[in-house]
$ cat work23.pdb   # PDB, C-alpha atoms and all ligand atoms
ATOM      1  CA  MET V  10      75.744  31.141  10.784
ATOM      2  CA  LYS V  11      78.896  29.899   9.156
ATOM      3  CA  PHE V  12      77.857  28.309   5.899
ATOM      4  CA  PRO V  13      80.173  27.328   3.076
ATOM      5  CA  LEU V  14      80.190  29.910   0.282
ATOM      6  CA  GLU V  15      78.472  27.435  -2.066
ATOM      7  CA  ASN V  16      75.454  27.359   0.265
ATOM      8  CA  LEU V  17      75.393  31.131   0.661
ATOM      9  CA  GLN V  18      75.414  31.561  -3.103
ATOM     10  CA  ALA V  19      72.047  29.807  -3.349
ATOM     11  CA  LEU V  20      70.560  32.484  -1.045
ATOM     12  CA  VAL V  21      71.885  35.454  -2.985
ATOM     13  CA  ARG V  22      70.077  37.058  -5.923
ATOM     14  CA  CYS V  23      71.415  39.982  -7.960
ATOM     15  CA  ILE V  24      69.285  42.980  -7.057
ATOM     16  CA  ALA V  25      70.081  44.692 -10.373
ATOM     17  CA  CYS V  26      69.138  41.954 -12.889
ATOM     18  CA  ASN V  27      67.364  39.510 -10.510
ATOM     19  CA  GLN V  28      69.496  36.537 -11.543
ATOM     20  CA  SER V  29      69.858  34.036  -8.716
ATOM     21  CA  LYS V  30      72.605  31.923 -10.184
ATOM     22  CA  SER V  31      74.781  34.671 -11.602
ATOM     23  CA  ALA V  32      76.615  35.940  -8.532
ATOM     24  CA  ARG V  33      79.998  34.287  -8.799
ATOM     25  CA  LYS V  34      82.283  36.689  -6.984
ATOM     26  CA  ILE V  35      81.328  36.579  -3.323
ATOM     27  CA  VAL V  36      83.475  37.859  -0.492
ATOM     28  CA  VAL V  37      82.514  37.436   3.153
ATOM     29  CA  LEU V  38      82.931  40.842   4.822
ATOM     30  CA  ASP V  39      81.649  40.034   8.274
ATOM     31  CA  GLU V  40      80.495  36.805   9.885
ATOM     32  CA  GLN V  41      78.884  36.600  13.289
ATOM     33  CA  GLU V  42      76.722  34.100  15.164
ATOM     34  CA  LYS V  43      73.460  34.812  13.315
ATOM     35  CA  LYS V  44      74.374  37.277  10.609
ATOM     36  CA  THR V  45      76.701  37.433   7.662
ATOM     37  CA  THR V  46      77.550  40.315   5.357
ATOM     38  CA  LEU V  47      78.733  39.652   1.806
ATOM     39  CA  HIS V  48      80.017  41.680  -1.122
ATOM     40  CA  VAL V  49      78.600  40.174  -4.281
ATOM     41  CA  VAL V  50      79.455  40.928  -7.910
ATOM     42  CA  CYS V  51      77.035  39.617 -10.540
ATOM     43  CA  ASP V  52      78.748  38.005 -13.503
ATOM     44  CA  GLN V  53      75.708  38.694 -15.722
ATOM     45  CA  CYS V  54      75.403  42.460 -15.332
ATOM     46  CA  GLY V  55      78.500  43.393 -13.312
ATOM     47  CA  GLY V  56      76.409  44.986 -10.574
ATOM     48  CA  ALA V  57      77.865  44.949  -7.073
ATOM     49  CA  SER V  58      75.856  44.710  -3.902
ATOM     50  CA  LEU V  59      76.220  44.333  -0.174
ATOM     51  CA  VAL V  60      74.060  41.474   1.077
ATOM     52  CA  HIS V  61      73.129  41.025   4.714
ATOM     53  CA  LEU V  62      71.940  37.548   5.705
ATOM     54  CA  SER V  63      70.453  37.017   9.128
ATOM     55  CA  LEU V  64      69.086  33.927  10.797
ATOM     56  CA  GLY V  65      65.887  34.448  12.781
ATOM     57  CA  GLN V  66      62.981  32.399  14.062
ATOM     58  CA  MET V  67      61.319  32.469  10.627
ATOM     59  CA  GLY V  68      64.434  31.362   8.756
ATOM     60  CA  ILE V  69      67.072  33.238   6.827
ATOM     61  CA  VAL V  70      66.369  36.809   5.748
ATOM     62  CA  SER V  71      68.395  38.372   2.946
ATOM     63  CA  LEU V  72      68.672  42.122   2.366
ATOM     64  CA  GLY V  73      70.769  43.505  -0.466
ATOM     65  CA  VAL V  74      71.724  47.033  -1.441
ATOM     66  CA  MET V  75      73.591  48.198  -4.544
ATOM     67  CA  THR V  76      77.071  49.575  -3.955
ATOM     68  CA  ASP V  77      79.837  51.180  -5.955
ATOM     69  CA  LEU V  78      82.448  49.801  -3.559
ATOM     70  CA  GLU V  79      85.018  47.415  -4.997
ATOM     71  CA  GLN V  80      85.549  44.231  -2.963
ATOM     72  CA  SER V  81      88.843  45.514  -1.555
ATOM     73  CA  GLU V  82      87.199  48.812  -0.514
ATOM     74  CA  ALA V  83      84.315  46.970   1.147
ATOM     75  CA  LYS V  84      86.757  44.723   3.031
ATOM     76  CA  ARG V  85      88.694  47.747   4.277
ATOM     77  CA  LEU V  86      85.454  49.420   5.374
ATOM     78  CA  TYR V  87      84.099  46.402   7.244
ATOM     79  CA  GLN V  88      87.334  45.045   8.676
ATOM     80  CA  GLY V  89      89.077  48.311   9.491
ATOM     81  CA  ALA V  90      89.171  50.024  12.861
ATOM     82  CA  PRO V  91      86.001  51.912  13.831
ATOM     83  CA  ILE V  92      86.027  55.705  13.879
ATOM     84  CA  SER V  93      86.825  56.880  17.386
ATOM     85  CA  ALA V  94      85.588  59.954  19.230
ATOM     86  CA  GLU V  95      89.140  61.291  18.973
ATOM     87  CA  ASP V  96      88.995  60.952  15.152
ATOM     88  CA  VAL V  97      85.755  62.938  15.083
ATOM     89  CA  PHE V  98      87.196  65.625  17.371
ATOM     90  CA  LYS V  99      90.354  65.985  15.255
ATOM     91  CA  THR V 100      88.292  66.272  12.074
ATOM     92  CA  HIS V 101      86.059  68.877  13.689
ATOM     93  CA  GLN V 102      89.078  70.920  14.771
ATOM     94  CA  TYR V 103      90.636  70.653  11.303
ATOM     95  CA  LEU V 104      87.462  71.823   9.574
ATOM     96  CA  LYS V 105      86.929  74.608  12.119
ATOM     97  CA  GLU V 106      90.392  76.027  11.439
ATOM     98  CA  TYR V 107      90.426  75.360   7.681
ATOM     99  CA  GLN V 108      90.575  78.619   5.682
ATOM    100  CA  GLY V 109      90.812  77.315   2.092
ATOM    101  CA  ASP V 110      88.323  76.681  -0.665
ATOM    102  CA  ILE V 111      85.890  73.779  -0.177
ATOM    103  CA  LYS V 112      86.816  72.405  -3.646
ATOM    104  CA  ASP V 113      90.462  72.153  -2.578
ATOM    105  CA  LEU V 114      89.439  70.412   0.647
ATOM    106  CA  ILE V 115      87.404  67.780  -1.205
ATOM    107  CA  ALA V 116      90.101  67.239  -3.855
ATOM    108  CA  SER V 117      92.852  66.655  -1.272
TER     109      SER V 117
HETATM  110 ZN    ZN R   1      73.052  41.113 -12.150
END
$ encode --input "work23.pdb" --output "structure tokens" --more "lines below"
Ligand SMILES: [Zn+2]
Amino acid sequence: MKFPLENLQALVRCIACNQSKSARKIVVLDEQEKKTTLHVVCDQCGGASLVHLSLGQMGIVSLGVMTDLEQSEAKRLYQGAPISAEDVFKTHQYLKEYQGDIKDLIAS
């Protein structure tokens, strides 16, 4: 489902203020055969959302959720490498051996 951004904009409605023509800052995060994920910032209220568009037998379905991610953060999240089993194991080992205060761990 590779539509030009102008066409996608007509399908997107701000889930915070319900304006359909206000979303001006749209970034495509992921685009596959029948689904597209967008990061949308509303120019009316400033609300940001992640919008998932999928093409099914009944037409296009749009599902949006509010986010506090900036567009650059969302891009990094969606286009970065997936977390591997090795990453999870290393994190588990680190936390198992960690002796400090939990506040220091979170702040670092
Ligand atoms: Zn809005």
$ residues_near_ligand --input "work23.pdb" --ligand "ligand ZN 1 (chain R)" --cutoff "9 Å" --atoms "only C-alpha atoms and all ligand atoms" --output "ChimeraX atom specification"
/V:22-29,31-32,50-57
$ atom_distance --input "work23.pdb" --atom1 "atom CA of Ser63 of chain V" --atom2 "atom CA of Lys34 of chain V"
20.0 Å
$ closest_residue --input "work23.pdb" --among "V:Ile115, V:Val36, V:Met75, V:Val60" --to "Val21 of chain V" --atoms "all atoms listed in the file"
V:Val60
$ residues_around --input "work23.pdb" --residues "Ser71 of chain V" --least-positions-apart "2" --cutoff "10 Å" --atoms "all atoms listed in the file" --output "VMD selection string"
chain V and resid 20 to 22 44 to 46 60 to 64 68 to 69 73
$ resolve_selection --input "work23.pdb" --expression "the PyMOL selection byres (((chain V and resi 77) around 10) and not hetatm)" --output "list in words"
Gly56, Ala57, Ser58, Leu59, Met75, Thr76, Leu78, Glu79, Gln80, Glu82 and Ala83 of chain V
$ write_last_selection --input "work23.pdb" --atoms "C-alpha atoms" --output "compact mmCIF listing (two decimals), in the coordinates of the input"
# COMPACT_ATOMS: atom_id res chain seq x y z
CA GLY V 56 76.41 44.99 -10.57
CA ALA V 57 77.86 44.95 -7.07
CA SER V 58 75.86 44.71 -3.90
CA LEU V 59 76.22 44.33 -0.17
CA MET V 75 73.59 48.20 -4.54
CA THR V 76 77.07 49.58 -3.96
CA LEU V 78 82.45 49.80 -3.56
CA GLU V 79 85.02 47.42 -5.00
CA GLN V 80 85.55 44.23 -2.96
CA GLU V 82 87.20 48.81 -0.51
CA ALA V 83 84.32 46.97 1.15
$ atom_distance --input "work23.pdb" --atom1 "atom CA of Arg33 of chain V" --atom2 "atom CA of Gln18 of chain V"
7.8 Å
$ atom_distance --input "work23.pdb" --atom1 "atom CA of Ala116 of chain V" --atom2 "atom CA of His101 of chain V"
18.1 Å
$ residues_around --input "work23.pdb" --residues "Gln88 of chain V" --least-positions-apart "4" --cutoff "8 Å" --atoms "only C-alpha atoms" --output "short mmCIF file (atom, residue, chain, number, x, y, z; two decimals) with C-alpha atoms, in the coordinates of the input"
data_model
loop_
_atom_site.label_atom_id
_atom_site.label_comp_id
_atom_site.auth_asym_id
_atom_site.auth_seq_id
_atom_site.Cartn_x
_atom_site.Cartn_y
_atom_site.Cartn_z
CA LEU V 38 82.93 40.84 4.82
CA ASP V 39 81.65 40.03 8.27
CA LYS V 84 86.76 44.72 3.03
#
$ build_atoms --input "work23.pdb" --residues "segment 90-106 of chain V" --atoms "N, CA and C atoms" --output "mmCIF file, in the frame of the given file"
data_model
loop_
_atom_site.group_PDB
_atom_site.id
_atom_site.type_symbol
_atom_site.label_atom_id
_atom_site.label_comp_id
_atom_site.auth_asym_id
_atom_site.auth_seq_id
_atom_site.Cartn_x
_atom_site.Cartn_y
_atom_site.Cartn_z
ATOM 1 N N ALA V 90 89.475 49.554 11.504
ATOM 2 C CA ALA V 90 89.171 50.024 12.861
ATOM 3 C C ALA V 90 87.991 50.998 12.815
ATOM 4 N N PRO V 91 87.120 50.963 13.804
ATOM 5 C CA PRO V 91 86.001 51.912 13.831
ATOM 6 C C PRO V 91 86.491 53.337 14.067
ATOM 7 N N ILE V 92 85.689 54.298 13.653
ATOM 8 C CA ILE V 92 86.027 55.705 13.879
ATOM 9 C C ILE V 92 85.858 56.000 15.361
ATOM 10 N N SER V 93 86.878 56.588 15.950
ATOM 11 C CA SER V 93 86.825 56.880 17.386
ATOM 12 C C SER V 93 86.324 58.306 17.620
ATOM 13 N N ALA V 94 85.989 58.598 18.849
ATOM 14 C CA ALA V 94 85.588 59.954 19.230
ATOM 15 C C ALA V 94 86.742 60.923 18.979
ATOM 16 N N GLU V 95 87.962 60.452 19.211
ATOM 17 C CA GLU V 95 89.140 61.291 18.973
ATOM 18 C C GLU V 95 89.253 61.644 17.479
ATOM 19 N N ASP V 96 88.976 60.690 16.598
ATOM 20 C CA ASP V 96 88.995 60.952 15.152
ATOM 21 C C ASP V 96 87.993 62.056 14.802
ATOM 22 N N VAL V 97 86.808 61.953 15.363
ATOM 23 C CA VAL V 97 85.755 62.938 15.083
ATOM 24 C C VAL V 97 86.185 64.304 15.600
ATOM 25 N N PHE V 98 86.758 64.365 16.790
ATOM 26 C CA PHE V 98 87.196 65.625 17.371
ATOM 27 C C PHE V 98 88.290 66.273 16.519
ATOM 28 N N LYS V 99 89.265 65.459 16.092
ATOM 29 C CA LYS V 99 90.354 65.985 15.255
ATOM 30 C C LYS V 99 89.825 66.521 13.929
ATOM 31 N N THR V 100 88.883 65.817 13.338
ATOM 32 C CA THR V 100 88.292 66.272 12.074
ATOM 33 C C THR V 100 87.531 67.566 12.277
ATOM 34 N N HIS V 101 86.796 67.655 13.364
ATOM 35 C CA HIS V 101 86.059 68.877 13.689
ATOM 36 C C HIS V 101 87.022 70.051 13.836
ATOM 37 N N GLN V 102 88.100 69.844 14.574
ATOM 38 C CA GLN V 102 89.078 70.920 14.771
ATOM 39 C C GLN V 102 89.702 71.337 13.449
ATOM 40 N N TYR V 103 90.035 70.362 12.606
ATOM 41 C CA TYR V 103 90.636 70.653 11.303
ATOM 42 C C TYR V 103 89.696 71.501 10.451
ATOM 43 N N LEU V 104 88.429 71.089 10.392
ATOM 44 C CA LEU V 104 87.462 71.823 9.574
ATOM 45 C C LEU V 104 87.176 73.207 10.141
ATOM 46 N N LYS V 105 87.191 73.326 11.456
ATOM 47 C CA LYS V 105 86.929 74.608 12.119
ATOM 48 C C LYS V 105 88.030 75.620 11.785
ATOM 49 N N GLU V 106 89.256 75.135 11.682
ATOM 50 C CA GLU V 106 90.392 76.027 11.439
ATOM 51 C C GLU V 106 90.739 76.150 9.959
#
